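In what follows, a single structure is set out as structure tokens and then discussed.
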Amino acid sequence: MRPIIEVEGLTKSFRRFEKEPGLLGSVKSLLRREFTEKIAVSDFDLRIEPGEFVGLIGPNGAGKTTLVKMLTGIIAPTRGEIEVLGFWPNKLENAFKRQYAVVMGQKSQLFFELTPVDTFGLFKELYGIREEEYRRNLNYFVELFDVGELLNVQVRTLSLGERMKMELIAALLHGPRVLFLDEPTIGLDAVAQRQVRLFLREVNERQGTTILLTSHYMEDVRSLCRRSVVVGEGKKLYDGETDALFRSFQREEGEEIGLIVERIYAMGEGA
Amino acid sequence: MKKYLVIAQTAFKAQIVYRFDVGMTALATLWKLLFAWILWGAIFEGRQSVSGFSFQTMLAYYLVVSFLSSMDLSSGVSFELSNRIRGGTFSKFMVLPASPQLQFLAQSLGSSAYYALFALLAALGCALLFRIRAGFSAGPAEILCALCLAILGLIFMVSYHYCIGLLTFKFQEISFFLHMQGNLIAFATGAMLPLTLLPKPVLDLLSALPFPHVGYLPAMLLTGQAGLVEGLKGFVVLLLWTAGLMAANRLLYERLRVQYDGVGI
């Protein structure tokens, strides 16, 4: 079977504007701009098979979100090979965009002034979902999350957890083959985190949706992803079973990802 | 096509939430007309006409351009686009299976449709209040032509502001440009004063541009100051500019979006 995501030697570098501190530095920068190059993702190889649930973990600034942005076509790679669902993502073809969904914890697809159902109705047309399929999917997800009473409430009045549930429903209505999740549980309380995890597991197991999840919360990755990819300074440090990762590199329960990454570096176990 | 209609409907629904803001915008028509009434009342003192305009026709002209400019929400497109590109939330439009240009167009026209309801009520109220019915003397063909120009004008203005907003990909910060061009556009569309008051070479030069056909020409048609032939010529000029600009925007977007870094999310 062809992999759903195939990436080879993927690199992304950004040009960053730098200036000396203070007013003088600002004035100087007006006359002479200085830029530095930041390599966000470096020579990255990745292969994900259909139906996998993969955790992408790493500390802040490791390059996880940049990688997701390249996989969804939002940004163009600097160099390297990338193929998602048989497409070059940054061409942003509609045929490609209809087959995936992306949910970013800190960014919303919902219309804040309107109700979730208004956004769902819009997505139905945007993705060309047939009425019957739309009804079936909506009922299924609404029941799964138990959010029937919130469908006609203005989005801006929903709590963070309720909003994230609606974001996930909006993303999954068209039955995407791949779901990219960037910190979906960020800021949620323990109960909402658990509900989101149960929902994602169900979607992966029952619907066969391939999921790539980036998260700071070890519990997200540990409970959902059989496979984990650890990223540090834009490089792949580990790619393998999640259980093995935690067995080998985690010393204490609840330890932060930064410590695990440091340990991987120290042990020279980069992938 | 249906998806863009639903985007427009959604924008329309979102506007309904903000009744106060829309009501105040409609009132702006009244203020503009009141200002024109005072200013032109002084200029018309002891005169029957100025450059072929009677006082009533002049007020009718201002009523039409005020109505059209209160419906035109296109400047919001360049601001929103610019902010989203700089703030990284433009990604939202990139991942949806629809053209970002048409998404912004549908969104803006949907909002305009709602403002049009209030602006029309305000304009009718003003027409009664200032007794300027006599200033309108267009036939059905001219009215139809003016209506087509007004709709095409809205599409052009959204495309124009979308184009300006896209420049953020290249220059990051374009707010100075956004503020500066606002006054120029108001002048070139005839929202400040009827362009017929300008010297003929300037008017001829402006007629080759799209802006006079967005506000000035529909107002001139409805007040009987311009004929159908002039209206049709203006429509063709505006249509060519709109089609050209939309095609250019598509190319510009494809060329510039590769510079997008989606930071801030």
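Just so we're on the same page: first chain in the structure tokens is A, next is B, and so on; residues restart at 1 for each chain, and ligands are numbered from 1 in the order they show up.
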
Taking only C-alpha atoms into account and nothing else, which residues of chain A lie no more than 10 Å away from chain B? Please answer as number ranges by chain. A: 13-15, 65-66, 69, 72-78, 90-115, 118-119, 121-128, 182

Test item, alpha helix (DSSP H) assignment across range 25-260 of chain A, answer as number ranges by chain: A: 25-31, 64-71, 94-97, 116-126, 131-145, 160-172, 190-207, 218-224, 242-249, 257-260

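Straight-line separation from CA of Glu183 in chain A to CA of Thr11 in chain A: 22.0 Å.
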
May I have the residues within 6 Å of range 186-198 of chain B as an MDAnalysis selection string, using only C-alpha atoms and disregarding those fewer than 3 positions away in the same chain? chainID B and resid 65 183 211:212 215:216

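Shell of range 145-149 of chain B at 9 Å, with only C-alpha atoms counted and residues fewer than 5 places along the chain excluded, is B:Pro140, B:Leu154, B:His213, B:Val214, B:Gly215, B:Leu217, B:Pro218, B:Ala219, B:Met220, B:Leu221, B:Leu222, B:Leu228, B:Gly231, B:Leu232, B:Gly234, B:Phe235, B:Leu238, B:Leu239.
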